[in-house]
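So this one's run.pdb, PDB, C-alpha atoms, pLDDT in the B column:
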```pdb
MODEL        1
ATOM      1  CA  MET R   1       1.214 -15.654  33.005  1.00 45.00           C
ATOM      2  CA  ASN R   2       2.536 -13.154  35.527  1.00 50.00           C
ATOM      3  CA  THR R   3       3.159  -9.465  34.836  1.00 54.00           C
ATOM      4  CA  LYS R   4       6.927  -9.818  34.563  1.00 61.00           C
ATOM      5  CA  ASN R   5       6.582 -12.481  31.849  1.00 73.00           C
ATOM      6  CA  ASN R   6       3.924 -10.415  30.036  1.00 88.00           C
ATOM      7  CA  GLN R   7       6.253  -7.444  30.043  1.00 90.00           C
ATOM      8  CA  ARG R   8       9.158  -9.568  28.815  1.00 91.00           C
ATOM      9  CA  SER R   9       6.959 -10.987  26.074  1.00 92.00           C
ATOM     10  CA  ARG R  10       5.855  -7.485  24.969  1.00 93.00           C
ATOM     11  CA  ILE R  11       9.481  -6.297  24.921  1.00 95.00           C
ATOM     12  CA  THR R  12      10.585  -9.327  22.876  1.00 96.00           C
ATOM     13  CA  LYS R  13       7.767  -8.795  20.358  1.00 96.00           C
ATOM     14  CA  LEU R  14       8.717  -5.133  20.132  1.00 96.00           C
ATOM     15  CA  LEU R  15      12.363  -6.060  19.465  1.00 97.00           C
ATOM     16  CA  ILE R  16      11.292  -8.482  16.744  1.00 98.00           C
ATOM     17  CA  LYS R  17       9.044  -5.879  15.085  1.00 96.00           C
ATOM     18  CA  GLN R  18      11.728  -3.193  15.288  1.00 95.00           C
ATOM     19  CA  ALA R  19      14.271  -5.581  13.757  1.00 97.00           C
ATOM     20  CA  PHE R  20      11.842  -6.422  10.944  1.00 95.00           C
ATOM     21  CA  LEU R  21      11.098  -2.744  10.310  1.00 93.00           C
ATOM     22  CA  SER R  22      14.811  -1.997  10.208  1.00 93.00           C
ATOM     23  CA  LEU R  23      15.458  -4.851   7.778  1.00 94.00           C
ATOM     24  CA  MET R  24      12.743  -3.509   5.467  1.00 91.00           C
ATOM     25  CA  HIS R  25      15.046  -0.570   4.689  1.00 88.00           C
ATOM     26  CA  THR R  26      17.456  -2.878   2.885  1.00 89.00           C
ATOM     27  CA  LYS R  27      15.400  -5.931   1.847  1.00 90.00           C
ATOM     28  CA  ARG R  28      12.011  -6.622   0.356  1.00 88.00           C
ATOM     29  CA  THR R  29       9.747  -8.154   2.954  1.00 88.00           C
ATOM     30  CA  GLY R  30       9.543 -11.461   1.087  1.00 88.00           C
ATOM     31  CA  LYS R  31      13.330 -11.785   1.322  1.00 92.00           C
ATOM     32  CA  ILE R  32      13.559 -11.222   5.095  1.00 94.00           C
ATOM     33  CA  SER R  33      14.205 -14.512   6.857  1.00 97.00           C
ATOM     34  CA  VAL R  34      13.705 -15.622  10.439  1.00 97.00           C
ATOM     35  CA  THR R  35      17.498 -15.835  10.680  1.00 97.00           C
ATOM     36  CA  ASP R  36      17.784 -12.170   9.569  1.00 97.00           C
ATOM     37  CA  ILE R  37      15.271 -11.080  12.190  1.00 97.00           C
ATOM     38  CA  CYS R  38      16.853 -13.147  14.963  1.00 97.00           C
ATOM     39  CA  SER R  39      20.279 -11.769  14.169  1.00 97.00           C
ATOM     40  CA  ALA R  40      19.034  -8.154  14.096  1.00 97.00           C
ATOM     41  CA  ALA R  41      16.977  -8.572  17.289  1.00 97.00           C
ATOM     42  CA  GLU R  42      19.709 -10.597  18.996  1.00 96.00           C
ATOM     43  CA  ILE R  43      17.369 -13.442  19.886  1.00 97.00           C
ATOM     44  CA  ASN R  44      17.338 -17.134  19.030  1.00 96.00           C
ATOM     45  CA  ARG R  45      14.956 -18.858  16.624  1.00 97.00           C
ATOM     46  CA  SER R  46      12.939 -20.555  19.356  1.00 96.00           C
ATOM     47  CA  THR R  47      12.244 -17.151  20.909  1.00 96.00           C
ATOM     48  CA  PHE R  48      11.039 -15.864  17.553  1.00 97.00           C
ATOM     49  CA  TYR R  49       8.691 -18.841  17.128  1.00 97.00           C
ATOM     50  CA  GLN R  50       7.264 -18.340  20.621  1.00 95.00           C
ATOM     51  CA  HIS R  51       5.858 -15.045  19.362  1.00 96.00           C
ATOM     52  CA  PHE R  52       5.345 -15.417  15.615  1.00 97.00           C
ATOM     53  CA  ALA R  53       4.578 -18.314  13.270  1.00 96.00           C
ATOM     54  CA  GLU R  54       6.477 -16.816  10.330  1.00 96.00           C
ATOM     55  CA  THR R  55       7.967 -13.582   9.023  1.00 95.00           C
ATOM     56  CA  ASN R  56       4.684 -12.544   7.361  1.00 93.00           C
ATOM     57  CA  SER R  57       3.073 -12.626  10.802  1.00 95.00           C
ATOM     58  CA  VAL R  58       5.510  -9.928  11.913  1.00 95.00           C
ATOM     59  CA  LEU R  59       4.639  -7.747   8.915  1.00 93.00           C
ATOM     60  CA  GLU R  60       0.928  -8.256   9.466  1.00 93.00           C
ATOM     61  CA  GLU R  61       1.209  -7.282  13.125  1.00 94.00           C
ATOM     62  CA  LEU R  62       3.295  -4.210  12.215  1.00 93.00           C
ATOM     63  CA  GLU R  63       0.654  -3.154   9.691  1.00 92.00           C
ATOM     64  CA  ASN R  64      -2.208  -3.757  12.120  1.00 93.00           C
ATOM     65  CA  ASP R  65      -0.413  -1.834  14.882  1.00 94.00           C
ATOM     66  CA  ALA R  66       0.156   1.063  12.490  1.00 92.00           C
ATOM     67  CA  ILE R  67      -3.468   1.048  11.302  1.00 93.00           C
ATOM     68  CA  SER R  68      -4.608   1.062  14.939  1.00 94.00           C
ATOM     69  CA  GLN R  69      -2.349   4.052  15.612  1.00 93.00           C
ATOM     70  CA  VAL R  70      -3.685   5.891  12.562  1.00 92.00           C
ATOM     71  CA  ASN R  71      -7.271   5.057  13.485  1.00 90.00           C
ATOM     72  CA  GLU R  72      -6.832   6.221  17.080  1.00 90.00           C
ATOM     73  CA  TYR R  73      -5.181   9.411  15.893  1.00 89.00           C
ATOM     74  CA  LEU R  74      -7.839  10.160  13.273  1.00 85.00           C
ATOM     75  CA  VAL R  75     -10.633   9.534  15.773  1.00 84.00           C
ATOM     76  CA  SER R  76      -8.966  11.811  18.331  1.00 84.00           C
ATOM     77  CA  ILE R  77      -8.371  14.684  15.905  1.00 81.00           C
ATOM     78  CA  GLY R  78     -11.567  14.125  13.977  1.00 70.00           C
ATOM     79  CA  SER R  79     -13.820  14.887  16.900  1.00 67.00           C
ATOM     80  CA  SER R  80     -12.126  18.194  17.683  1.00 68.00           C
ATOM     81  CA  TYR R  81     -11.526  19.497  14.157  1.00 62.00           C
ATOM     82  CA  LEU R  82     -14.621  18.182  12.470  1.00 62.00           C
ATOM     83  CA  ALA R  83     -16.860  19.469  15.252  1.00 61.00           C
ATOM     84  CA  HIS R  84     -15.822  22.916  14.028  1.00 64.00           C
ATOM     85  CA  SER R  85     -15.981  21.924  10.332  1.00 71.00           C
ATOM     86  CA  ASP R  86     -12.210  22.372  10.109  1.00 78.00           C
ATOM     87  CA  THR R  87     -11.414  19.706   7.518  1.00 79.00           C
ATOM     88  CA  LYS R  88      -8.211  21.497   6.506  1.00 85.00           C
ATOM     89  CA  GLY R  89      -7.032  21.616  10.140  1.00 85.00           C
ATOM     90  CA  CYS R  90      -7.764  17.906  10.465  1.00 84.00           C
ATOM     91  CA  LEU R  91      -5.772  17.181   7.291  1.00 87.00           C
ATOM     92  CA  MET R  92      -2.876  19.373   8.453  1.00 91.00           C
ATOM     93  CA  SER R  93      -2.780  17.573  11.789  1.00 90.00           C
ATOM     94  CA  PHE R  94      -2.747  14.181  10.040  1.00 90.00           C
ATOM     95  CA  LEU R  95       0.130  15.248   7.768  1.00 94.00           C
ATOM     96  CA  HIS R  96       2.065  16.320  10.849  1.00 94.00           C
ATOM     97  CA  PHE R  97       1.368  12.873  12.346  1.00 94.00           C
ATOM     98  CA  VAL R  98       2.697  11.175   9.195  1.00 94.00           C
ATOM     99  CA  LYS R  99       5.856  13.269   9.253  1.00 96.00           C
ATOM    100  CA  LYS R 100       6.369  12.623  12.965  1.00 95.00           C
ATOM    101  CA  ASN R 101       6.071   8.868  12.295  1.00 93.00           C
ATOM    102  CA  ASP R 102       8.201   9.037   9.163  1.00 93.00           C
ATOM    103  CA  GLU R 103      10.060   5.734   9.560  1.00 90.00           C
ATOM    104  CA  LEU R 104       6.855   3.760   9.948  1.00 89.00           C
ATOM    105  CA  PHE R 105       5.018   5.382   7.031  1.00 91.00           C
ATOM    106  CA  ARG R 106       8.094   5.510   4.789  1.00 91.00           C
ATOM    107  CA  THR R 107       8.813   1.837   5.364  1.00 89.00           C
ATOM    108  CA  LEU R 108       5.254   0.549   5.051  1.00 90.00           C
ATOM    109  CA  LEU R 109       4.138   2.738   2.131  1.00 89.00           C
ATOM    110  CA  LEU R 110       7.154   2.937  -0.151  1.00 85.00           C
ATOM    111  CA  GLU R 111       8.275   0.465  -2.757  1.00 61.00           C
ATOM    112  CA  ASN R 112      10.662  -1.657  -0.675  1.00 64.00           C
ATOM    113  CA  SER R 113       7.655  -3.305   0.886  1.00 64.00           C
ATOM    114  CA  ASP R 114       5.353  -6.147  -0.048  1.00 66.00           C
ATOM    115  CA  SER R 115       3.081  -4.630   2.533  1.00 68.00           C
ATOM    116  CA  HIS R 116      -0.690  -4.455   2.351  1.00 87.00           C
ATOM    117  CA  PHE R 117      -0.538  -1.305   4.438  1.00 89.00           C
ATOM    118  CA  ARG R 118      -1.606   0.964   1.582  1.00 88.00           C
ATOM    119  CA  THR R 119      -4.764  -1.096   1.060  1.00 90.00           C
ATOM    120  CA  LYS R 120      -5.461  -1.041   4.801  1.00 91.00           C
ATOM    121  CA  MET R 121      -4.962   2.742   4.844  1.00 90.00           C
ATOM    122  CA  PHE R 122      -7.356   3.060   1.913  1.00 90.00           C
ATOM    123  CA  ASP R 123      -9.978   0.931   3.664  1.00 89.00           C
ATOM    124  CA  LEU R 124      -9.641   2.870   6.926  1.00 88.00           C
ATOM    125  CA  THR R 125      -9.865   6.318   5.342  1.00 85.00           C
ATOM    126  CA  SER R 126     -12.702   5.219   3.080  1.00 83.00           C
ATOM    127  CA  THR R 127     -14.704   3.930   6.037  1.00 79.00           C
ATOM    128  CA  MET R 128     -14.056   7.157   7.945  1.00 76.00           C
ATOM    129  CA  ALA R 129     -15.015   9.291   4.954  1.00 73.00           C
ATOM    130  CA  HIS R 130     -18.338   7.463   4.613  1.00 67.00           C
ATOM    131  CA  THR R 131     -18.974   7.870   8.333  1.00 65.00           C
ATOM    132  CA  VAL R 132     -17.993  11.525   8.653  1.00 62.00           C
ATOM    133  CA  PHE R 133     -18.878  13.137   5.336  1.00 63.00           C
ATOM    134  CA  LYS R 134     -22.421  12.705   4.136  1.00 61.00           C
ATOM    135  CA  SER R 135     -22.886  14.284   0.721  1.00 62.00           C
ATOM    136  CA  GLY R 136     -26.472  13.355   0.017  1.00 69.00           C
ATOM    137  CA  MET R 137     -25.402  11.764  -3.288  1.00 72.00           C
ATOM    138  CA  GLU R 138     -26.402   8.321  -4.412  1.00 80.00           C
ATOM    139  CA  GLU R 139     -24.349   5.767  -2.458  1.00 79.00           C
ATOM    140  CA  LYS R 140     -22.490   4.258  -5.445  1.00 84.00           C
ATOM    141  CA  THR R 141     -21.596   7.705  -6.814  1.00 82.00           C
ATOM    142  CA  GLU R 142     -20.342   8.809  -3.408  1.00 80.00           C
ATOM    143  CA  GLU R 143     -18.303   5.597  -3.067  1.00 82.00           C
ATOM    144  CA  ASN R 144     -16.671   6.155  -6.469  1.00 85.00           C
ATOM    145  CA  ILE R 145     -15.798   9.754  -5.627  1.00 85.00           C
ATOM    146  CA  TYR R 146     -14.247   8.708  -2.301  1.00 84.00           C
ATOM    147  CA  ARG R 147     -12.309   5.928  -4.052  1.00 88.00           C
ATOM    148  CA  PHE R 148     -10.927   8.452  -6.550  1.00 90.00           C
ATOM    149  CA  LEU R 149     -10.060  11.057  -3.914  1.00 89.00           C
ATOM    150  CA  ILE R 150      -8.528   8.634  -1.400  1.00 90.00           C
ATOM    151  CA  SER R 151      -6.494   6.748  -4.026  1.00 91.00           C
ATOM    152  CA  GLY R 152      -5.149   9.990  -5.443  1.00 92.00           C
ATOM    153  CA  SER R 153      -4.468  11.431  -1.994  1.00 92.00           C
ATOM    154  CA  LEU R 154      -2.606   8.294  -0.909  1.00 92.00           C
ATOM    155  CA  ASP R 155      -0.508   8.391  -4.087  1.00 93.00           C
ATOM    156  CA  LEU R 156       0.347  12.036  -3.447  1.00 95.00           C
ATOM    157  CA  LEU R 157       1.136  11.230   0.197  1.00 95.00           C
ATOM    158  CA  VAL R 158       3.549   8.486  -0.911  1.00 94.00           C
ATOM    159  CA  GLU R 159       5.257  10.886  -3.318  1.00 95.00           C
ATOM    160  CA  TRP R 160       5.465  13.550  -0.604  1.00 97.00           C
ATOM    161  CA  ILE R 161       7.193  11.059   1.708  1.00 96.00           C
ATOM    162  CA  ARG R 162       9.441   9.840  -1.129  1.00 95.00           C
ATOM    163  CA  SER R 163      10.529  13.436  -1.821  1.00 97.00           C
ATOM    164  CA  ASP R 164      11.541  13.799   1.845  1.00 96.00           C
ATOM    165  CA  TYR R 165       8.700  16.269   2.349  1.00 97.00           C
ATOM    166  CA  GLU R 166      10.090  18.664  -0.240  1.00 96.00           C
ATOM    167  CA  LEU R 167       6.824  20.589  -0.258  1.00 96.00           C
ATOM    168  CA  PRO R 168       6.202  22.201   3.154  1.00 96.00           C
ATOM    169  CA  GLU R 169       3.366  20.661   5.193  1.00 95.00           C
ATOM    170  CA  LYS R 170       1.139  23.701   4.815  1.00 96.00           C
ATOM    171  CA  ASP R 171       1.578  23.798   1.025  1.00 96.00           C
ATOM    172  CA  PHE R 172       1.011  20.054   0.689  1.00 96.00           C
ATOM    173  CA  CYS R 173      -2.085  20.344   2.867  1.00 95.00           C
ATOM    174  CA  ASN R 174      -3.410  23.181   0.692  1.00 94.00           C
ATOM    175  CA  LEU R 175      -2.752  21.114  -2.446  1.00 94.00           C
ATOM    176  CA  LEU R 176      -4.636  18.063  -1.151  1.00 92.00           C
ATOM    177  CA  TYR R 177      -7.445  20.134   0.290  1.00 90.00           C
ATOM    178  CA  THR R 178      -7.906  22.189  -2.874  1.00 91.00           C
ATOM    179  CA  LEU R 179      -7.899  19.118  -5.122  1.00 89.00           C
ATOM    180  CA  CYS R 180     -10.414  17.266  -2.957  1.00 84.00           C
ATOM    181  CA  GLU R 181     -12.600  20.296  -2.348  1.00 82.00           C
ATOM    182  CA  GLY R 182     -12.614  21.204  -6.040  1.00 82.00           C
ATOM    183  CA  CYS R 183     -13.546  17.689  -7.064  1.00 77.00           C
ATOM    184  CA  THR R 184     -16.360  17.249  -4.584  1.00 74.00           C
ATOM    185  CA  SER R 185     -17.838  20.746  -4.851  1.00 73.00           C
ATOM    186  CA  GLY R 186     -17.693  20.624  -8.633  1.00 59.00           C
ATOM    187  CA  PHE R 187     -19.423  17.282  -8.665  1.00 60.00           C
ATOM    188  CA  ILE R 188     -22.083  18.257  -6.161  1.00 57.00           C
ATOM    189  CA  ARG R 189     -22.851  21.415  -8.163  1.00 49.00           C
ATOM    190  CA  GLY R 190     -23.196  19.245 -11.256  1.00 47.00           C
ATOM    191  CA  THR R 191     -25.771  16.908  -9.700  1.00 45.00           C
TER     192      THR R 191
ENDMDL
END
```
Please, can you express the file's structure as structure tokens?
Amino acid sequence: MNTKNNQRSRITKLLIKQAFLSLMHTKRTGKISVTDICSAAEINRSTFYQHFAETNSVLEELENDAISQVNEYLVSIGSSYLAHSDTKGCLMSFLHFVKKNDELFRTLLLENSDSHFRTKMFDLTSTMAHTVFKSGMEEKTEENIYRFLISGSLDLLVEWIRSDYELPEKDFCNLLYTLCEGCTSGFIRGT
């Protein structure tokens, strides 16, 4: 396929994904039809089916694109902040990233979605936590602590987004950091 067709294909896929994302504001993902997407993207059904097998394929690609973005961002900030043991700076930078990409996170994490994005976010952050933070604890204990901290942090993140970022970034960062730090340091002292 030549470059012009590749570019056209990328643009069409982008239009389809943007239409789907937009429709998620008003409909649950399971209720979004190919007709809805085609109408919103101003394309015909055959064009849709050239790029996606079904509507769930669009959601899955949106989620995977978002996870790739988050992963790339975390890797890029992780190396600079964590090299200086600045976990709080890393967290603050990530919260800024979430706020900057509000539509994506709001749509994929909040209740109007049948998305698996939250699970994918959990898996990504859990993997990164195991890679970056070595506590010296027994592996199963460490895994349970990370599960507790990441689940709680994701729930708080969802509520922060839902509240339209009522708590300022810095205060929310301090809250998350203090809760996580208190839990891990208290546990490590107790071992």
Mind pulling up the distance from atom CA of R:Lys100 to atom CA of R:Asp171?
17.0 Å
Could you check the closest approach to R:Thr26 for each of R:Ile77, R:Thr55, R:Ile67, R:Thr107 and tell me which residue wins, using only C-alpha atoms?
R:Thr107
Write out as a list in words which residues come within 9 Å of stretch 14-23 of chain R when counting all atoms listed in the file, dropping same-chain ones fewer than 5 positions away.
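Contacts, with the query itself left out: Ser9, Arg28, Thr29, Ile32, Asp36, Ile37, Cys38, Ser39, Ala40, Ala41, Glu42, Ile43, Phe48, His51, Thr55, Val58, Leu59, Glu61, Leu62, Glu103, Leu104, Thr107 and Leu108 of chain R.
Taking atom CA of R:Tyr146 and atom CA of R:Cys173 as the two end points, the separation is 17.6 Å.
Here atom CA of R:Leu154 is placed at a distance of 8.3 Å from atom CA of R:Met121.
Take the candidates R:Val34, R:Ile145, R:Ile150, R:Cys90 and check each one against R:Ser126 using only C-alpha atoms; the shortest distance goes to R:Ile150.
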Have a look at R:Glu169, R:Glu72, R:Glu181, R:Glu139 and name the one nearest to R:His96; count all atoms listed in the file.
R:Glu169
Here's the selection I'm unsure about, the PyMOL selection byres ((chain R and resi 122) around 10); applied to the file above, which residues does it give, as an MDAnalysis selection string?
chainID R and resid 117:121 123:128 146:147 150:151 153:154
Nearest to R:Arg162, chosen from R:Ala53, R:Met92, R:Met24, R:Leu110, with all atoms listed in the file counted in the distances:
R:Leu110
